[in-house]
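Since the structure comes first, as structure tokens, the remarks are kept for the end.
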Amino acid sequence: MSGINKSFPGVKALDNVNLKVRPHSIHALMGENGAGKSTLLKCLFGIYQKDSGTILFQGKEIDFHSAKEALENGISMVHQELNLVLQRSVDG
């Protein structure tokens with residue numbers, strides 16, 4: 001991913017972001033809330049359309065327009081879910 005930009009009304013969510021992922025390795029994308037981590041991945045996965053920039057995958061430029069299209073090309077995303085366990089009290 002090179003020079004990725006994405007804006008929403010009144011917010012520049014991604015400003016010239018670059019990300020290189022090496023094959024067969026583990027990567028962590030970390031940052032504060034609102035830093036653009038999810039937005040960047042949603043641009044890769046076709047959920048959001050980037051305003052500008054280039055995404056290369058297996059040597060080809062890609063620009064998916066749906067999650068289905070990304071999946072068909074071997075890219076998937078595990079969505080963050082914060083509420084996997086219902087809130088419960090602990091009686092002691």
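Chains: A, B, ... in order of the structure tokens. Residues: from 1 per chain. Ligands: from 1, in order shown.
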
- request: Run DSSP on the backbone and give me the residues of chain A it puts in helix (DSSP H, G or I), as a PyMOL selection string.
  value: chain A and resi 37-45+67-72

With C-alpha atoms retained, write the just-selected residues as an mmCIF file, in the first residue's frame.
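Result file result_21.cif:
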data_model
loop_
_atom_site.group_PDB
_atom_site.id
_atom_site.type_symbol
_atom_site.label_atom_id
_atom_site.label_comp_id
_atom_site.auth_asym_id
_atom_site.auth_seq_id
_atom_site.Cartn_x
_atom_site.Cartn_y
_atom_site.Cartn_z
ATOM 1 C CA LYS A 37 -5.982 1.278 11.335
ATOM 2 C CA SER A 38 -9.442 -0.044 10.504
ATOM 3 C CA THR A 39 -9.931 2.500 7.734
ATOM 4 C CA LEU A 40 -6.697 1.387 6.064
ATOM 5 C CA LEU A 41 -7.700 -2.274 6.153
ATOM 6 C CA LYS A 42 -11.217 -1.479 4.962
ATOM 7 C CA CYS A 43 -9.667 0.265 1.954
ATOM 8 C CA LEU A 44 -7.642 -2.881 1.232
ATOM 9 C CA PHE A 45 -10.682 -5.125 1.649
ATOM 10 C CA ALA A 67 -15.561 -7.540 0.234
ATOM 11 C CA LYS A 68 -16.770 -10.332 -2.062
ATOM 12 C CA GLU A 69 -14.301 -9.247 -4.732
ATOM 13 C CA ALA A 70 -11.455 -9.164 -2.187
ATOM 14 C CA LEU A 71 -12.334 -12.651 -0.925
ATOM 15 C CA GLU A 72 -12.423 -14.004 -4.470
#

field: All strand (DSSP E) positions in range 31-83 of chain A, as a list of chain:residue names
entry: A:Ser52, A:Gly53, A:Thr54, A:Ile55, A:Leu56, A:Phe57, A:Lys60, A:Glu61, A:Ile62

task: For CA of Lys50 in chain A and CA of Lys6 in chain A, determine how far apart the two atoms are, in Å to one decimal place.
output: 5.2 Å

10 Å contact set for range 59-62 of chain A, only C-alpha atoms, chain neighbours under 3 positions out, as a PyMOL selection string: chain A and resi 1+44+46+54-56+65+70+73

Computed interatomic separation between CA of Tyr48 in chain A and CA of Pro9 in chain A (Å):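 Computing the Euclidean distance for CA of Tyr48 in chain A and CA of Pro9 in chain A yields 13.9 Å.
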
query: How many Å separate CA of Asp63 in chain A from CA of Lys20 in chain A?
result: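 Between CA of Asp63 in chain A and CA of Lys20 in chain A the gap is 16.3 Å.
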